[in-house]
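Asks: Got a structure for you, model.txt, holding compact mmCIF, C-alpha atoms and all ligand atoms.
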# COMPACT_ATOMS: atom_id res chain seq x y z
CA MET P 287 98.55 89.57 122.46
CA SER P 288 102.17 90.63 122.47
CA SER P 289 102.82 94.14 123.62
CA ARG P 290 103.96 96.59 121.05
CA VAL P 291 107.29 98.21 121.41
CA SER P 292 108.35 101.35 119.77
CA ARG P 293 111.96 101.73 118.88
CA ARG P 294 113.94 104.52 117.42
CA ARG P 295 114.35 104.19 113.72
CA PHE P 296 116.23 106.46 111.45
CA ILE P 297 114.36 106.94 108.28
CA ALA P 298 115.55 109.01 105.43
CA GLY P 299 113.01 111.53 104.23
CA LEU P 300 112.16 110.86 100.64
CA ALA P 301 112.29 114.55 99.81
CA ALA P 302 115.75 114.78 101.29
CA ALA P 303 116.74 111.65 99.45
CA LEU P 304 115.56 112.93 96.12
CA GLY P 305 117.40 116.16 96.78
CA GLY P 306 120.47 114.19 97.79
CA ALA P 307 120.49 116.23 100.97
CA GLY P 308 121.22 113.37 103.32
CA THR P 309 118.90 111.70 105.79
CA ARG P 310 116.35 112.98 108.23
CA PRO P 311 116.81 111.16 111.50
CA ALA P 312 114.61 110.32 114.42
CA LEU P 313 111.14 109.61 113.15
CA GLU P 314 109.61 107.55 115.93
CA LEU P 315 107.58 104.68 114.51
CA SER P 316 105.88 101.70 116.00
CA ALA P 317 107.93 98.69 114.94
CA ALA P 318 107.49 94.95 114.98
CA PRO P 319 107.14 93.25 118.35
CA GLN P 320 110.58 92.30 119.61
CA ARG P 321 111.37 88.71 118.84
CA ALA P 322 111.48 87.47 122.40
CA ASP P 323 107.96 88.77 122.82
CA ALA P 324 106.74 87.56 119.44
CA GLU P 325 108.00 84.06 120.09
CA LYS P 326 106.32 83.67 123.46
CA PRO P 327 103.41 81.29 122.79
CA ALA P 328 100.03 82.26 124.14
CA ASN P 329 98.71 79.75 126.70
CA ASN P 330 96.03 78.53 124.35
CA TYR P 331 98.40 78.56 121.38
CA ASP P 332 97.38 75.19 119.95
CA THR P 333 93.72 76.17 119.72
CA LEU P 334 94.36 79.43 117.85
CA ALA P 335 94.02 79.85 114.09
CA LYS P 336 97.51 81.11 113.35
CA LEU P 337 97.11 83.58 110.47
CA ALA P 338 99.74 86.10 111.60
CA SER P 339 103.15 84.92 110.41
CA ASN P 340 102.66 83.43 106.93
CA GLU P 341 103.56 79.96 108.12
CA ASN P 342 102.62 76.85 106.19
CA PRO P 343 99.60 75.46 108.08
CA TYR P 344 100.06 71.88 106.83
CA GLY P 345 103.43 71.18 108.46
CA PRO P 346 106.42 69.52 106.79
CA SER P 347 105.91 66.68 104.34
CA GLU P 348 106.23 63.05 105.47
CA ALA P 349 109.55 62.72 103.60
CA VAL P 350 110.93 65.77 105.40
CA LYS P 351 109.76 64.57 108.81
CA LYS P 352 111.36 61.17 108.22
CA ALA P 353 114.65 62.72 107.10
CA MET P 354 114.71 64.87 110.23
CA SER P 355 113.89 62.07 112.63
CA ASP P 356 116.51 59.81 110.99
CA ALA P 357 119.03 62.61 111.52
CA ALA P 358 118.18 63.04 115.20
CA LYS P 359 121.04 60.57 115.91
CA TYR P 360 123.46 63.35 114.93
CA ALA P 361 122.13 65.69 117.59
CA ASN P 362 125.39 65.33 119.53
CA ARG P 363 127.56 66.47 116.56
CA TYR P 364 128.49 70.04 115.69
CA MET P 365 128.78 70.32 111.93
CA TYR P 366 129.03 66.97 110.15
CA PRO P 367 127.57 64.85 108.75
CA ASP P 368 125.31 67.54 107.30
CA GLY P 369 123.36 65.68 104.64
CA GLY P 370 125.20 67.62 101.95
CA ILE P 371 122.76 70.52 102.27
CA ALA P 372 124.93 73.21 100.63
CA GLU P 373 125.72 70.94 97.67
CA ALA P 374 122.05 69.94 97.36
CA ILE P 375 121.02 73.61 97.21
CA ALA P 376 123.77 74.38 94.69
CA ASP P 377 122.73 71.44 92.46
CA PHE P 378 119.09 72.42 92.76
CA HIS P 379 119.86 75.86 91.34
CA GLY P 380 122.64 74.89 88.95
CA VAL P 381 125.27 76.96 90.75
CA GLY P 382 128.44 75.99 92.63
CA SER P 383 128.51 75.45 96.39
CA GLU P 384 130.79 78.52 96.52
CA ASN P 385 127.66 80.48 95.54
CA VAL P 386 125.70 79.33 98.60
CA ILE P 387 125.55 80.77 102.11
CA LEU P 388 123.43 79.04 104.76
CA GLY P 389 121.65 80.63 107.70
CA ALA P 390 119.30 79.81 110.54
CA GLY P 391 116.43 81.12 108.42
CA SER P 392 116.75 83.61 105.58
CA GLY P 393 116.45 86.26 108.28
CA GLU P 394 120.04 85.46 109.19
CA ILE P 395 121.13 86.01 105.58
CA LEU P 396 119.45 89.44 105.61
CA LYS P 397 121.29 90.30 108.83
CA VAL P 398 124.57 89.06 107.40
CA ALA P 399 124.03 91.16 104.25
CA ASP P 400 123.32 94.26 106.36
CA ASP P 401 126.35 93.58 108.57
CA THR P 402 128.60 93.03 105.58
CA PHE P 403 127.56 95.75 103.17
CA LEU P 404 126.48 98.59 105.46
CA ARG P 405 129.80 98.91 107.29
CA GLU P 406 131.30 101.66 105.17
CA ARG P 407 128.45 102.77 102.97
CA ARG P 408 125.84 103.25 105.67
CA LYS P 409 122.63 103.56 103.67
CA LEU P 410 120.12 100.90 102.72
CA VAL P 411 117.49 101.49 100.01
CA GLY P 412 114.25 99.50 100.00
CA PRO P 413 110.47 99.74 99.69
CA SER P 414 108.06 100.50 102.51
CA PRO P 415 106.24 98.68 103.87
CA THR P 416 108.18 95.50 103.27
CA TYR P 417 109.71 92.73 105.39
CA GLU P 418 110.81 94.98 108.19
CA SER P 419 113.66 93.00 109.73
CA VAL P 420 116.05 94.19 107.04
CA TYR P 421 115.54 97.74 108.36
CA LEU P 422 115.70 96.71 112.01
CA TYR P 423 119.03 94.93 111.51
CA ALA P 424 120.40 98.01 109.74
CA THR P 425 119.17 100.36 112.44
CA ASN P 426 120.63 98.16 115.16
CA SER P 427 124.00 98.66 113.46
CA ASN P 428 123.41 102.43 113.28
CA ALA P 429 122.98 102.37 109.54
CA GLU P 430 120.12 104.31 107.97
CA ALA P 431 117.48 103.57 105.39
CA PHE P 432 115.85 105.31 102.47
CA GLU P 433 112.42 103.70 102.70
CA ILE P 434 110.62 104.30 99.42
CA PRO P 435 106.81 104.24 99.80
CA LEU P 436 104.74 101.78 97.79
CA VAL P 437 102.67 103.46 95.06
CA LYS P 438 99.05 103.50 96.20
CA ALA P 439 97.82 104.59 92.76
CA ARG P 440 99.34 101.42 91.27
CA GLY P 441 97.79 99.06 93.81
CA TYR P 442 100.66 99.43 96.28
CA ALA P 443 103.36 98.47 93.77
CA VAL P 444 107.04 98.69 94.68
CA ASP P 445 108.38 101.96 93.22
CA ILE P 446 111.42 100.62 91.39
CA ARG P 447 112.06 103.86 89.50
CA THR P 448 112.26 105.96 92.65
CA MET P 449 114.47 103.31 94.28
CA ILE P 450 116.84 103.67 91.32
CA THR P 451 116.76 107.49 91.45
CA VAL P 452 117.44 107.57 95.19
CA THR P 453 120.25 105.03 94.87
CA LEU P 454 121.91 106.92 92.02
CA GLN P 455 121.62 110.27 93.79
CA ASN P 456 123.21 108.83 96.92
CA TYR P 457 125.37 106.15 95.38
CA ARG P 458 128.51 106.92 97.36
CA ASP P 459 126.60 106.23 100.59
CA VAL P 460 124.36 103.34 99.56
CA GLY P 461 125.75 99.94 100.58
CA LEU P 462 122.78 97.74 99.81
CA VAL P 463 119.47 97.72 97.95
CA TYR P 464 116.66 95.42 99.16
CA ILE P 465 113.51 94.19 97.48
CA CYS P 466 111.11 91.44 98.42
CA ASN P 467 109.40 89.55 95.60
CA PRO P 468 106.52 88.94 96.11
CA ASN P 469 106.47 91.75 98.64
CA ASN P 470 105.50 91.13 102.23
CA PRO P 471 102.99 92.44 103.45
CA THR P 472 101.08 93.09 100.19
CA GLY P 473 101.64 89.72 98.46
CA LYS P 474 102.16 91.63 95.22
CA ILE P 475 104.90 90.65 92.79
CA ILE P 476 107.48 92.99 91.28
CA PRO P 477 107.22 92.35 87.50
CA LYS P 478 110.28 90.84 85.84
CA ASN P 479 110.83 93.94 83.66
CA ASP P 480 111.10 96.09 86.78
CA ILE P 481 113.66 93.72 88.31
CA ARG P 482 115.68 93.84 85.07
CA LEU P 483 115.52 97.66 85.11
CA LEU P 484 116.72 97.72 88.74
CA VAL P 485 119.58 95.30 88.16
CA ASP P 486 120.69 97.16 85.03
CA SER P 487 120.45 100.61 86.63
CA ILE P 488 122.17 100.14 89.99
CA PRO P 489 125.95 100.68 89.92
CA ASP P 490 127.83 97.38 89.90
CA GLU P 491 129.47 97.89 93.29
CA ILE P 492 126.12 98.04 95.16
CA PRO P 493 124.69 94.57 95.88
CA ILE P 494 120.94 94.04 95.50
CA VAL P 495 119.20 91.61 97.84
CA ILE P 496 116.17 89.96 96.24
CA ASP P 497 114.18 88.24 98.98
CA GLU P 498 112.20 85.37 97.46
CA ALA P 499 110.74 83.90 100.65
CA TYR P 500 107.35 83.36 98.96
CA HIS P 501 108.36 82.59 95.39
CA HIS P 502 106.97 79.01 95.53
CA TYR P 503 103.43 80.34 95.74
CA VAL P 504 103.54 82.61 92.71
CA ASP P 505 101.56 81.78 89.60
CA ASN P 506 101.84 84.91 87.48
CA PRO P 507 103.34 85.30 83.99
CA GLN P 508 104.84 88.67 84.98
CA TYR P 509 106.95 86.95 87.66
CA GLU P 510 110.46 85.60 87.32
CA GLU P 511 112.82 84.09 89.87
CA SER P 512 116.11 85.99 90.02
CA ILE P 513 118.83 83.37 90.43
CA HIS P 514 119.72 83.72 86.73
CA TYR P 515 121.17 87.16 87.60
CA VAL P 516 123.71 85.43 89.85
CA LYS P 517 124.61 83.11 86.96
CA GLU P 518 125.05 86.20 84.77
CA GLY P 519 127.57 87.43 87.35
CA ARG P 520 125.45 90.36 88.53
CA ASN P 521 125.86 91.62 92.10
CA VAL P 522 122.62 90.06 93.26
CA ILE P 523 121.99 88.07 96.45
CA VAL P 524 118.83 85.97 96.23
CA THR P 525 117.53 84.85 99.60
CA ARG P 526 115.34 81.80 100.08
CA THR P 527 113.81 80.12 103.10
CA PHE P 528 112.59 76.70 104.18
CA SER P 529 110.20 78.43 106.61
CA LYS P 530 107.31 78.93 104.23
CA MET P 531 106.65 76.31 101.53
CA ALA P 532 108.78 73.65 103.26
CA ALA P 533 106.98 74.37 106.57
CA LEU P 534 110.19 74.40 108.63
CA ALA P 535 109.85 77.83 110.28
CA GLY P 536 110.50 76.38 113.73
CA MET P 537 113.55 74.45 112.54
CA ARG P 538 115.35 77.50 111.05
CA LEU P 539 116.96 77.09 107.64
CA GLY P 540 117.46 79.62 104.88
CA TYR P 541 120.11 80.49 102.34
CA GLY P 542 121.47 83.05 99.96
CA ILE P 543 122.69 82.53 96.38
CA ALA P 544 125.22 85.08 95.14
CA PRO P 545 128.45 85.45 93.19
CA LYS P 546 131.43 83.93 95.01
CA ALA P 547 132.97 87.34 95.73
CA LEU P 548 129.87 88.46 97.66
CA ILE P 549 129.58 85.11 99.47
CA ASP P 550 133.24 85.40 100.53
CA GLU P 551 132.61 88.85 101.94
CA MET P 552 129.53 87.66 103.85
CA LEU P 553 130.85 84.37 105.27
CA PRO P 554 132.80 85.90 108.19
CA PHE P 555 129.52 87.41 109.46
CA ALA P 556 127.50 84.18 109.32
CA LEU P 557 127.04 82.01 112.39
CA TYR P 558 126.67 78.67 110.60
CA SER P 559 124.75 77.55 113.66
CA LEU P 560 122.29 75.12 112.11
CA ASN P 561 120.79 72.10 113.80
CA ALA P 562 121.54 68.65 112.37
CA PRO P 563 117.97 67.48 111.59
CA VAL P 564 117.03 70.57 109.58
CA LYS P 565 119.96 70.09 107.20
CA TYR P 566 118.60 66.65 106.31
CA GLY P 567 115.04 67.97 106.25
CA GLY P 568 116.13 70.70 103.84
CA VAL P 569 117.65 68.19 101.42
CA ALA P 570 114.42 66.14 101.48
CA ALA P 571 112.27 69.26 101.00
CA LEU P 572 114.16 70.28 97.85
CA LYS P 573 113.22 66.93 96.31
CA ASP P 574 109.57 66.83 97.37
CA LYS P 575 107.95 68.44 94.34
CA ALA P 576 104.63 66.62 94.87
CA TYR P 577 104.17 68.16 98.32
CA GLU P 578 105.06 71.58 96.97
CA SER P 579 102.59 71.41 94.13
CA ARG P 580 99.81 70.21 96.50
CA VAL P 581 100.40 73.08 98.93
CA ARG P 582 100.65 75.63 96.10
CA GLN P 583 97.26 74.56 94.73
CA LEU P 584 95.62 74.45 98.16
CA ASN P 585 96.98 77.87 99.04
CA LYS P 586 95.76 79.42 95.79
CA ARG P 587 92.27 77.90 96.01
CA ILE P 588 91.74 78.78 99.67
CA ARG P 589 93.26 82.28 99.30
CA ASP P 590 91.15 83.09 96.25
CA ASN P 591 87.93 81.77 97.85
CA THR P 592 88.55 83.78 101.00
CA THR P 593 89.38 87.02 99.20
CA LYS P 594 86.40 86.59 96.84
CA GLU P 595 84.12 86.32 99.85
CA LEU P 596 85.59 89.50 101.36
CA VAL P 597 85.21 91.35 98.06
CA THR P 598 81.59 90.15 97.80
CA MET P 599 81.00 91.68 101.24
CA GLY P 600 82.29 94.98 99.84
CA TRP P 601 85.83 94.98 101.23
CA GLU P 602 88.87 95.98 99.20
CA VAL P 603 91.59 93.35 98.85
CA ILE P 604 95.01 93.65 97.21
CA PRO P 605 95.27 90.75 94.71
CA SER P 606 97.97 88.47 96.14
CA ASP P 607 100.40 86.01 94.59
CA ALA P 608 101.59 84.75 97.97
CA SER P 609 100.44 82.82 101.05
CA PHE P 610 98.84 85.90 102.63
CA PHE P 611 96.77 88.87 101.53
CA MET P 612 95.76 92.32 102.71
CA VAL P 613 92.22 93.57 103.20
CA ASN P 614 91.29 97.19 103.88
CA VAL P 615 89.14 97.13 107.02
CA GLY P 616 88.36 100.85 106.93
CA ARG P 617 89.73 101.51 110.41
CA ASP P 618 93.05 101.31 112.23
CA VAL P 619 93.96 97.62 112.55
CA GLY P 620 95.71 98.13 115.91
CA SER P 621 92.83 97.16 118.22
CA LEU P 622 91.24 94.86 115.64
CA VAL P 623 94.21 92.49 115.88
CA GLU P 624 93.43 92.11 119.59
CA ASP P 625 89.71 91.64 118.85
CA PHE P 626 90.56 88.76 116.51
CA HIS P 627 92.87 87.29 119.13
CA GLN P 628 90.09 87.36 121.72
CA LYS P 629 88.08 85.24 119.29
CA GLY P 630 90.88 82.72 118.79
CA ILE P 631 92.48 84.05 115.62
CA LEU P 632 95.97 85.49 115.23
CA VAL P 633 96.17 87.97 112.34
CA GLY P 634 99.03 90.18 111.13
CA ARG P 635 100.06 93.34 112.92
CA LYS P 636 99.90 96.86 111.57
CA PHE P 637 102.21 97.75 108.66
CA SER P 638 102.45 101.53 108.79
CA PRO P 639 101.59 103.61 106.87
CA MET P 640 99.00 101.08 105.62
CA ASP P 641 97.25 101.42 108.96
CA GLU P 642 93.83 100.26 107.77
CA TRP P 643 95.08 97.20 105.92
CA LEU P 644 94.96 93.89 107.75
CA ARG P 645 97.42 91.20 106.63
CA VAL P 646 95.99 87.71 106.84
CA SER P 647 97.98 84.52 106.27
CA VAL P 648 96.26 81.79 104.27
CA GLY P 649 95.53 78.93 106.66
CA THR P 650 93.67 75.67 106.12
CA GLU P 651 90.12 75.72 104.79
CA VAL P 652 88.79 75.20 108.31
CA GLU P 653 90.89 78.09 109.64
CA MET P 654 89.78 80.42 106.85
CA ASN P 655 86.12 79.56 107.45
CA ARG P 656 86.71 80.49 111.09
CA PHE P 657 88.38 83.70 109.97
CA ILE P 658 85.46 84.67 107.73
CA ARG P 659 82.96 83.93 110.54
CA VAL P 660 84.85 86.13 112.98
CA PHE P 661 85.44 88.82 110.33
CA LYS P 662 81.65 88.99 109.81
CA GLU P 663 81.07 89.22 113.57
CA LEU P 664 83.61 92.00 114.01
CA LEU P 665 83.21 93.96 110.80
CA GLY P 666 80.16 92.72 108.87
CA ALA P 667 79.63 94.00 105.35
CA ARG P 668 81.35 97.21 104.33
CA LYS P 669 79.18 100.26 104.87
CA THR P 670 79.18 102.50 101.84
C1 LIG K 1 109.81 88.30 103.16
C2 LIG K 1 110.44 87.53 104.26
N1 LIG K 1 111.77 87.36 104.24
C3 LIG K 1 112.39 86.67 105.20
C4 LIG K 1 111.69 86.13 106.25
C5 LIG K 1 112.47 85.41 107.30
O1 LIG K 1 112.06 84.14 107.45
P1 LIG K 1 113.04 83.01 108.02
O2 LIG K 1 114.09 83.69 108.83
O3 LIG K 1 112.16 82.14 108.83
O4 LIG K 1 113.60 82.34 106.83
C6 LIG K 1 110.31 86.29 106.33
C7 LIG K 1 109.53 85.74 107.46
O5 LIG K 1 108.38 85.97 107.65
C8 LIG K 1 109.67 87.01 105.30
O6 LIG K 1 108.36 87.22 105.30
Starting from the file, lay out its structure as structure tokens.

Replies:
Amino acid sequence: MSSRVSRRRFIAGLAAALGGAGTRPALELSAAPQRADAEKPANNYDTLAKLASNENPYGPSEAVKKAMSDAAKYANRYMYPDGGIAEAIADFHGVGSENVILGAGSGEILKVADDTFLRERRKLVGPSPTYESVYLYATNSNAEAFEIPLVKARGYAVDIRTMITVTLQNYRDVGLVYICNPNNPTGKIIPKNDIRLLVDSIPDEIPIVIDEAYHHYVDNPQYEESIHYVKEGRNVIVTRTFSKMAALAGMRLGYGIAPKALIDEMLPFALYSLNAPVKYGGVAALKDKAYESRVRQLNKRIRDNTTKELVTMGWEVIPSDASFFMVNVGRDVGSLVEDFHQKGILVGRKFSPMDEWLRVSVGTEVEMNRFIRVFKELLGARKT
């Protein structure tokens, strides 16, 4: 499918980080396909089972589609009327509209956070692998990252304690801490006690971004949404998106919730370049609880059936709380992704250093049956 590009990334060596000895530059890694490439549809796009980008396979709800088509009449206007989207988000979370920043996807909020908080303190701390764009945006601005490996022995958990240690040992240089909950690509949650430990341990002047792109899908007593930290006045920026549960990835709407002081710092870096229909669609999506609950249940049932089948065939799967999961295919996934594509299925790319783990988005039942059929053709049962 899309050609891979490798780009120079500056990654801090963990050993150096723990020793506080600065960063080790110039590890050359294979990174995500560049966006222009990733967005180019394959010719047969509509016929493919799209299990590569954690999109919602069901499309937006009827209420959202109606709100967007009713708003098409504002296509000739720049900013207003805007459906009251910022106020609707603020009301939804019980915060003020001064606590809300909007973006063309939550990806924009991550970029804005990098641009804002990595200007003077040039180091970002986060897990690895995780949602990679936060590192790419930092690198593009010549900032550097301490990427803290997931803990294999704990089922690829985010290593909150090492993140805290590295941040404290380098606190004069660290401008931003990032976590993703549940984490992409593993689908694993960070337990609420770990988040509390992180928030309580990081010095007040360093903002923590908590990316909750997939929070709607979680059904786990150890999980907690983090917006209450903003209400407590902690330096936390929670990012949310309408691309996943609300199925508006192509329409581009996301937001951040943070204390007013952080929002005020970020606003000059935001584009506020949102299209008129998606603002109305976003307001309708916030209200459509029935749609959300239907998709959550479907996702859970289809994900759990698919992963059970893989486990029955002998393959190792990381238990997921999200709309995707990882399966260990026992070989480098690089060429396998292309093999799946040849058979009409788009699956996730490689997430180094988890080179043998394939990330699969949860599609419709029909798509997942197709996936299992092709998986059997390509890989069969695990040889022991
Ligand atoms: C964890 C995570 N955060 C943020 C994003 C950005 O999504 P968007 O810009 O569409 O809101 C994604 C997209 O896949 C994601 O997986």

Asks: By how many Å are atom CA of Glu595 of chain P and atom CA of Ala443 of chain P apart?

Replies: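 For atom CA of Glu595 of chain P relative to atom CA of Ala443 of chain P, the distance reads 23.6 Å.
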
Asks: Set the distance at 7 Å and use all atoms listed in the file: which residues neighbour segment 497-511 of chain P once local chain neighbours fewer than 6 positions away are removed? I'd like the list as a list in words.

Replies: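 Result of the neighbour search: Ile465, Cys466, Asn467, Pro468, Ile475, Pro477, Lys478, Val524, Thr525, Arg526, Thr527, Lys530, Met531, Arg582, Asp607, Ala608 and Ser609 of chain P.
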
Asks: Counting all atoms listed in the file, which residues of segment 333-414 of chain P sit at most 9 Å from some atom of segment 423-437 of chain P, and what is each one's closest atom pair with its distance in Å to one decimal, listed by chain and rising residue number, as CSV?

Replies:
residue,atom,partner,partner_atom,distance
P:Leu396,CA,P:Tyr423,CA,8.1
P:Lys397,CA,P:Tyr423,CA,5.8
P:Asp400,CA,P:Ala424,CA,5.8
P:Asp401,CA,P:Ser427,CA,7.4
P:Leu404,CA,P:Ala429,CA,6.6
P:Arg405,CA,P:Ala429,CA,8.0
P:Arg407,CA,P:Ala429,CA,8.6
P:Arg408,CA,P:Ala429,CA,4.9
P:Lys409,CA,P:Glu430,CA,5.0
P:Leu410,CA,P:Ala431,CA,4.6
P:Val411,CA,P:Phe432,CA,4.8
P:Gly412,CA,P:Glu433,CA,5.3
P:Pro413,CA,P:Ile434,CA,4.6
P:Ser414,CA,P:Pro435,CA,4.8

Asks: Separation of atom CA of Asp625 of chain P and atom CA of Val420 of chain P, in Å?

Replies: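 Answer for the atom CA of Asp625 of chain P to atom CA of Val420 of chain P separation: 29.0 Å.
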
Asks: Using atom CA of Ile496 of chain P and atom CA of Phe403 of chain P as the two end points, give the distance in Å to one decimal.

Replies: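 According to the coordinates, atom CA of Ile496 of chain P and atom CA of Phe403 of chain P are separated by 14.5 Å.
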
Asks: Find the axis-aligned box for segment 345-357 of chain P, covering all its listed atoms and adding 5 Å on each side, and write its centre and edge lengths in Å to one decimal as AutoDock Vina command-line options.

Replies:
--center_x 111.2 --center_y 65.5 --center_z 108.1 --size_x 25.6 --size_y 21.4 --size_z 19.0

Asks: Which neighbours of Glu651 of chain P fall inside 8 Å, counting only C-alpha atoms, when residues of the same chain fewer than 3 positions from it are skipped, and could you give them as a short mmCIF file (atom, residue, chain, number, x, y, z; two decimals) with C-alpha atoms, in the coordinates of the input?

Replies:
data_model
loop_
_atom_site.label_atom_id
_atom_site.label_comp_id
_atom_site.auth_asym_id
_atom_site.auth_seq_id
_atom_site.Cartn_x
_atom_site.Cartn_y
_atom_site.Cartn_z
CA ILE P 588 91.74 78.78 99.67
CA MET P 654 89.78 80.42 106.85
CA ASN P 655 86.12 79.56 107.45
#

Asks: Pick from P:Asn470, P:Thr598, P:Asn561, P:Ser419: nearest to Asn362 of chain P, with only C-alpha atoms counted?

Replies: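 Of P:Asn470, P:Thr598, P:Asn561, P:Ser419, the one nearest Asn362 of chain P, counting only C-alpha atoms, is P:Asn561.
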
Asks: Identify which of the residues P:Leu548, P:Val581, P:Val652, P:Val619 lies closest to Thr402 of chain P, counting all atoms listed in the file when measuring atom-to-atom distances.

Replies: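 Distance minimum relative to Thr402 of chain P lands on P:Leu548.
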
Asks: I'd like the contact shell of segment 374-386 of chain P - 9 Å cut-off, all atoms listed in the file, skipping same-chain residues fewer than 3 positions apart - returned as a list in words.

Replies: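 Selected residues are Gly369, Gly370, Ile371, Ile513, Val516, Lys517, Tyr541, Gly542, Ile543, Ala544, Pro545, Lys546, Ala547, Leu548, Ile549, Asp550, Gly568, Val569, Leu572 and Lys573 of chain P.
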
Asks: So which one's closest to ligand LIG 1 (chain K), P:Val633, P:Met537, P:Ile488, P:Met612? Using all atoms listed in the file, please.

Replies: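 Among the listed residues, P:Met537 lies closest to ligand LIG 1 (chain K).
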
Asks: Check the smallest atom-to-atom distance from each of P:Leu584, P:Leu553, P:Val597, P:Ala533 to ligand LIG 1 (chain K) using all atoms listed in the file, then report the winner.

Replies: P:Ala533

Asks: Could you check which of P:Glu653, P:Glu418, P:Glu348, P:Glu663 is closest to ligand LIG 1 (chain K), using all atoms listed in the file?

Replies: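 Looking only at the distances to ligand LIG 1 (chain K), the closest residue turns out to be P:Glu418.
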
Asks: Applying 12 Å and only C-alpha atoms, which residues near Asn330 of chain P remain after dropping the ones on its own chain fewer than 4 positions away? List them as a PyMOL selection string.

Replies: chain P and resi 287+326+334-336+627-632

Asks: Compile the contact shell of Ala358 of chain P as a compact mmCIF listing (two decimals) with C-alpha atoms, keeping the file's coordinate frame: residues with an atom at most 12 Å away, counting all atoms listed in the file, same-chain residues fewer than 2 positions apart removed.

Replies:
# COMPACT_ATOMS: atom_id res chain seq x y z
CA LYS P 351 109.76 64.57 108.81
CA LYS P 352 111.36 61.17 108.22
CA ALA P 353 114.65 62.72 107.10
CA MET P 354 114.71 64.87 110.23
CA SER P 355 113.89 62.07 112.63
CA ASP P 356 116.51 59.81 110.99
CA TYR P 360 123.46 63.35 114.93
CA ALA P 361 122.13 65.69 117.59
CA ASN P 362 125.39 65.33 119.53
CA ARG P 363 127.56 66.47 116.56
CA PRO P 367 127.57 64.85 108.75
CA ASP P 368 125.31 67.54 107.30
CA ASN P 561 120.79 72.10 113.80
CA ALA P 562 121.54 68.65 112.37
CA PRO P 563 117.97 67.48 111.59
CA VAL P 564 117.03 70.57 109.58
CA LYS P 565 119.96 70.09 107.20
CA TYR P 566 118.60 66.65 106.31
CA GLY P 567 115.04 67.97 106.25
